[in-house]
Amino acid sequence: MYNIYEAPFLKEMCDITANMYRMGFDERNGGNISYRLKQELVAQYLDLQDIRRTLPLGFDASALAGELFIVTGTGKYFKNVAACPQQNLGIIRISDSGQEAQLLWGYEDGGRPTSELPTHLMNHIVRLRVDPQTRVIMHCHPVNTLAMTFVHELDDRAFTRTLWQMCTECIVVFPEGVGVLPWMVCGNNEIGVATAEKIRDVRVVIWAQHGIFGAGRDIDEAFGLIETVEKAAEVYIKIMNTPIKQSITDEELKKLCEAFHIVPREGYLD
Ligand code: 13P
Ligand code: ZN
């Protein structure tokens, strides 16, 4: 058995949480990540029969039965993950019934998975149906994306169009657009169901006055989506009160799609 502290997925989690903290996306315990792991890889580092604790989920995750995830702990600070992954992260397996998470490693100070686990797992279930290679769901609180939800209408199409207009790369990175939810209480099944409903058609869902979720095949993809949305939101916040002399037109966005062989969300360009 290899040393878990040398596992590539553990290193990836340490690196990304430190990076997101440095970028100001994850103050205090803000943000959470779940990363679906390959069983054959985890088996090189852990005895998969050794269940440390069983944690009730409070909803049916049987679509993920047997799947392994490394997940940030609730109340844990991203800035502390790299120095002490065994307290700030946990590796869980979804039980056969789909009602429990079996803790195989981590949360060593008695901790538990993120309070947003319902949203994470519901998002994994929906995204896996669309793209079986999906592995990562990531949530954080980037400033400009939050700020934009105070001053922009929260309609999916309108919000997407504004983001696309802010940076040339946006429509190339997320041609399907973004989903936006109005303010809701977080950390429960209800916001999980509402987020999963949106994330079926997009890989980015924004929670008004709260933050953002990104889905991807790996950490880079999920984080890259979030970074790109946040950059566009930053441009928007910087220019929103300034007279605009020129911007990217719908005709130009269409030309961009042709040049990059991408299909934008139907009905989102005029
Ligand atoms: P957790 O500490 O439970 O992960 O919650 C942080 C957060 O961002 C809630 O939305
Ligand atoms: Zn949050």
# chains A, B, ... in the order shown; residues from 1 in each chain; ligands from 1
call {"tool": "residues_near_ligand", "arguments": {"ligand": "ligand 2", "cutoff": "6 Å", "atoms": "only C-alpha atoms and all ligand atoms", "output": "list in words"}}
result
Gly30, Gly31, Cys140 and Gly211 of chain A
call {"tool": "write_last_selection", "arguments": {"atoms": "N, CA and C atoms", "output": "PDB file, in the first residue's frame"}}
result
ATOM      1  N   GLY A  30     -15.574  29.423   3.595  1.00  0.00           N
ATOM      2  CA  GLY A  30     -16.340  29.547   2.351  1.00  0.00           C
ATOM      3  C   GLY A  30     -15.852  28.587   1.288  1.00  0.00           C
ATOM      4  N   GLY A  31     -16.781  27.974   0.590  1.00  0.00           N
ATOM      5  CA  GLY A  31     -16.468  27.101  -0.532  1.00  0.00           C
ATOM      6  C   GLY A  31     -16.316  25.646  -0.131  1.00  0.00           C
ATOM      7  N   CYS A 140     -17.567  28.175  -4.610  1.00  0.00           N
ATOM      8  CA  CYS A 140     -16.781  29.210  -3.922  1.00  0.00           C
ATOM      9  C   CYS A 140     -17.534  30.538  -3.991  1.00  0.00           C
ATOM     10  N   GLY A 211     -22.674  32.781  -4.224  1.00  0.00           N
ATOM     11  CA  GLY A 211     -21.462  32.258  -4.868  1.00  0.00           C
ATOM     12  C   GLY A 211     -21.761  31.531  -6.159  1.00  0.00           C
TER      13      GLY A 211
END
call {"tool": "residues_around", "arguments": {"residues": "A:Thr162", "least_positions_apart": "4", "cutoff": "8 Å", "atoms": "only C-alpha atoms", "output": "number ranges by chain"}}
result
A: 158, 166, 236
call {"tool": "residues_near_ligand", "arguments": {"ligand": "ligand 1", "cutoff": "12 Å", "atoms": "only C-alpha atoms and all ligand atoms", "output": "PDB file with C-alpha atoms, in the first residue's frame"}}
result
ATOM      1  CA  PHE A  25     -12.540  33.085  -3.599  1.00  0.00           C
ATOM      2  CA  ASP A  26     -12.798  31.265  -0.236  1.00  0.00           C
ATOM      3  CA  GLU A  27     -12.804  33.382   2.893  1.00  0.00           C
ATOM      4  CA  ARG A  28     -12.993  31.568   6.254  1.00  0.00           C
ATOM      5  CA  ASN A  29     -14.753  28.240   5.567  1.00  0.00           C
ATOM      6  CA  GLY A  30     -16.340  29.547   2.351  1.00  0.00           C
ATOM      7  CA  GLY A  31     -16.468  27.101  -0.532  1.00  0.00           C
ATOM      8  CA  ASN A  32     -16.340  23.343  -0.897  1.00  0.00           C
ATOM      9  CA  ILE A  33     -15.137  20.742  -3.411  1.00  0.00           C
ATOM     10  CA  SER A  34     -16.123  17.160  -4.192  1.00  0.00           C
ATOM     11  CA  VAL A  71     -14.643  16.116  -0.117  1.00  0.00           C
ATOM     12  CA  THR A  72     -13.767  19.240   1.878  1.00  0.00           C
ATOM     13  CA  GLY A  73     -15.036  19.228   5.466  1.00  0.00           C
ATOM     14  CA  THR A  74     -17.782  21.473   6.796  1.00  0.00           C
ATOM     15  CA  GLY A  75     -16.505  24.514   8.654  1.00  0.00           C
ATOM     16  CA  LYS A  76     -12.962  23.907   7.390  1.00  0.00           C
ATOM     17  CA  TYR A  77     -10.853  26.706   5.946  1.00  0.00           C
ATOM     18  CA  PHE A  78      -9.371  26.267   2.453  1.00  0.00           C
ATOM     19  CA  ASN A  88      -9.840  19.232   6.506  1.00  0.00           C
ATOM     20  CA  LEU A  89     -10.635  16.571   3.874  1.00  0.00           C
ATOM     21  CA  GLY A 111     -15.448  16.463  11.257  1.00  0.00           C
ATOM     22  CA  ARG A 112     -17.995  15.831   8.549  1.00  0.00           C
ATOM     23  CA  PRO A 113     -18.353  16.532   4.827  1.00  0.00           C
ATOM     24  CA  THR A 114     -19.395  19.996   3.656  1.00  0.00           C
ATOM     25  CA  SER A 115     -22.912  21.182   4.497  1.00  0.00           C
ATOM     26  CA  GLU A 116     -23.393  21.530   0.728  1.00  0.00           C
ATOM     27  CA  LEU A 117     -22.959  17.777   0.175  1.00  0.00           C
ATOM     28  CA  PRO A 118     -26.606  17.413  -0.983  1.00  0.00           C
ATOM     29  CA  THR A 119     -25.998  19.977  -3.753  1.00  0.00           C
ATOM     30  CA  HIS A 120     -22.659  18.390  -4.669  1.00  0.00           C
ATOM     31  CA  MET A 138     -16.669  23.031  -6.975  1.00  0.00           C
ATOM     32  CA  HIS A 139     -18.267  25.871  -5.010  1.00  0.00           C
ATOM     33  CA  CYS A 140     -16.781  29.210  -3.922  1.00  0.00           C
ATOM     34  CA  HIS A 141     -17.592  32.876  -3.231  1.00  0.00           C
ATOM     35  CA  PRO A 142     -15.821  35.082  -5.824  1.00  0.00           C
ATOM     36  CA  TRP A 183     -31.303  33.893  -3.095  1.00  0.00           C
ATOM     37  CA  MET A 184     -32.167  30.757  -1.128  1.00  0.00           C
ATOM     38  CA  VAL A 185     -31.208  29.256   2.225  1.00  0.00           C
ATOM     39  CA  CYS A 186     -28.072  27.174   1.607  1.00  0.00           C
ATOM     40  CA  GLY A 187     -26.845  23.852   2.981  1.00  0.00           C
ATOM     41  CA  ASN A 188     -30.042  21.855   2.464  1.00  0.00           C
ATOM     42  CA  ILE A 191     -31.165  24.277  -2.841  1.00  0.00           C
ATOM     43  CA  GLY A 192     -29.539  21.029  -4.011  1.00  0.00           C
ATOM     44  CA  ILE A 206     -24.624  31.050  -9.726  1.00  0.00           C
ATOM     45  CA  TRP A 207     -26.356  31.460  -6.384  1.00  0.00           C
ATOM     46  CA  ALA A 208     -27.459  35.084  -5.995  1.00  0.00           C
ATOM     47  CA  GLN A 209     -25.736  36.935  -3.132  1.00  0.00           C
ATOM     48  CA  HIS A 210     -23.814  33.761  -2.287  1.00  0.00           C
ATOM     49  CA  GLY A 211     -21.462  32.258  -4.868  1.00  0.00           C
ATOM     50  CA  ILE A 212     -20.952  29.918  -7.767  1.00  0.00           C
ATOM     51  CA  PHE A 213     -20.844  26.211  -8.629  1.00  0.00           C
TER      52      PHE A 213
END
call {"tool": "atom_distance", "arguments": {"atom1": "atom CA of A:Tyr45", "atom2": "atom CA of A:Gly110"}}
result
21.3 Å
call {"tool": "closest_residue", "arguments": {"among": "A:Ile237, A:Asn19, A:Arg217, A:Val178", "to": "A:Pro132", "atoms": "only C-alpha atoms"}}
result
A:Arg217
call {"tool": "residues_around", "arguments": {"residues": "A:Met240", "least_positions_apart": "6", "cutoff": "10 Å", "atoms": "only C-alpha atoms", "output": "list in words"}}
result
Met148, Val151, His152 and Glu234 of chain A
call {"tool": "write_last_selection", "arguments": {"atoms": "N, CA, C and O atoms", "output": "JSON list (two decimals), in the first residue's frame"}}
result
[["chain", "number", "residue", "atom", "x", "y", "z"],
["A", 148, "MET", "N", -22.25, 41.10, -8.94],
["A", 148, "MET", "CA", -23.09, 41.20, -10.14],
["A", 148, "MET", "C", -24.52, 40.76, -9.84],
["A", 148, "MET", "O", -25.47, 41.27, -10.45],
["A", 151, "VAL", "N", -26.89, 43.66, -8.90],
["A", 151, "VAL", "CA", -27.22, 44.76, -9.81],
["A", 151, "VAL", "C", -27.71, 44.30, -11.18],
["A", 151, "VAL", "O", -28.15, 45.11, -11.98],
["A", 152, "HIS", "N", -27.61, 43.01, -11.45],
["A", 152, "HIS", "CA", -28.03, 42.49, -12.76],
["A", 152, "HIS", "C", -29.29, 41.65, -12.59],
["A", 152, "HIS", "O", -29.44, 40.97, -11.57],
["A", 234, "GLU", "N", -16.01, 40.71, -13.19],
["A", 234, "GLU", "CA", -15.16, 41.82, -12.74],
["A", 234, "GLU", "C", -15.16, 42.95, -13.77],
["A", 234, "GLU", "O", -15.27, 44.14, -13.43]]
call {"tool": "atom_distance", "arguments": {"atom1": "atom CA of A:Gln86", "atom2": "atom CA of A:Gly106"}}
result
4.5 Å
call {"tool": "residues_around", "arguments": {"residues": "A:Gln133", "least_positions_apart": "6", "cutoff": "9 Å", "atoms": "only C-alpha atoms", "output": "list in words"}}
result
Arg127, Gly216, Arg217 and Asp218 of chain A
call {"tool": "residues_around", "arguments": {"residues": "A:Ala63", "least_positions_apart": "3", "cutoff": "12 Å", "atoms": "only C-alpha atoms", "output": "PyMOL selection string"}}
result
chain A and resi 59-60+66-67+94-99+121-129
call {"tool": "write_last_selection", "arguments": {"atoms": "N, CA and C atoms", "output": "tab-separated table (two decimals), in the first residue's frame"}}
result
chain	number	residue	atom	x	y	z
A	59	PHE	N	-30.81	12.09	2.03
A	59	PHE	CA	-31.49	12.04	0.73
A	59	PHE	C	-30.99	10.80	-0.01
A	60	ASP	N	-31.63	10.49	-1.11
A	60	ASP	CA	-31.31	9.26	-1.84
A	60	ASP	C	-30.19	9.52	-2.86
A	66	GLY	N	-21.54	3.18	-4.31
A	66	GLY	CA	-20.20	2.63	-4.54
A	66	GLY	C	-19.18	3.64	-5.00
A	67	GLU	N	-19.61	4.84	-5.36
A	67	GLU	CA	-18.67	5.86	-5.86
A	67	GLU	C	-17.88	6.46	-4.69
A	94	ILE	N	-20.24	6.24	-1.20
A	94	ILE	CA	-21.71	6.21	-1.07
A	94	ILE	C	-22.13	4.75	-0.89
A	95	SER	N	-22.92	4.49	0.16
A	95	SER	CA	-23.31	3.11	0.48
A	95	SER	C	-24.23	2.54	-0.61
A	96	ASP	N	-24.39	1.23	-0.59
A	96	ASP	CA	-25.23	0.57	-1.61
A	96	ASP	C	-26.67	1.09	-1.58
A	97	SER	N	-27.15	1.42	-0.37
A	97	SER	CA	-28.53	1.92	-0.25
A	97	SER	C	-28.64	3.36	-0.74
A	98	GLY	N	-27.51	4.05	-0.84
A	98	GLY	CA	-27.51	5.47	-1.24
A	98	GLY	C	-27.94	6.39	-0.12
A	99	GLN	N	-28.09	5.84	1.09
A	99	GLN	CA	-28.58	6.66	2.22
A	99	GLN	C	-27.44	7.18	3.08
A	121	LEU	N	-23.67	16.19	-4.43
A	121	LEU	CA	-24.00	14.85	-4.92
A	121	LEU	C	-25.14	14.90	-5.94
A	122	MET	N	-26.13	15.76	-5.70
A	122	MET	CA	-27.22	15.89	-6.69
A	122	MET	C	-26.67	16.41	-8.01
A	123	ASN	N	-25.70	17.34	-7.94
A	123	ASN	CA	-25.07	17.84	-9.17
A	123	ASN	C	-24.28	16.73	-9.87
A	124	HIS	N	-23.54	15.94	-9.10
A	124	HIS	CA	-22.81	14.82	-9.72
A	124	HIS	C	-23.78	13.89	-10.44
A	125	ILE	N	-24.89	13.57	-9.78
A	125	ILE	CA	-25.85	12.63	-10.38
A	125	ILE	C	-26.33	13.16	-11.74
A	126	VAL	N	-26.72	14.44	-11.76
A	126	VAL	CA	-27.27	15.02	-12.99
A	126	VAL	C	-26.19	15.17	-14.07
A	127	ARG	N	-25.02	15.67	-13.69
A	127	ARG	CA	-23.95	15.89	-14.68
A	127	ARG	C	-23.42	14.57	-15.24
A	128	LEU	N	-23.39	13.52	-14.40
A	128	LEU	CA	-22.90	12.22	-14.89
A	128	LEU	C	-23.81	11.66	-15.98
A	129	ARG	N	-25.10	12.00	-15.90
A	129	ARG	CA	-26.02	11.54	-16.95
A	129	ARG	C	-25.71	12.26	-18.26
call {"tool": "closest_residue", "arguments": {"among": "A:Val42, A:Ala194, A:Leu146, A:Ile16", "to": "A:Glu221", "atoms": "only C-alpha atoms"}}
result
A:Ile16
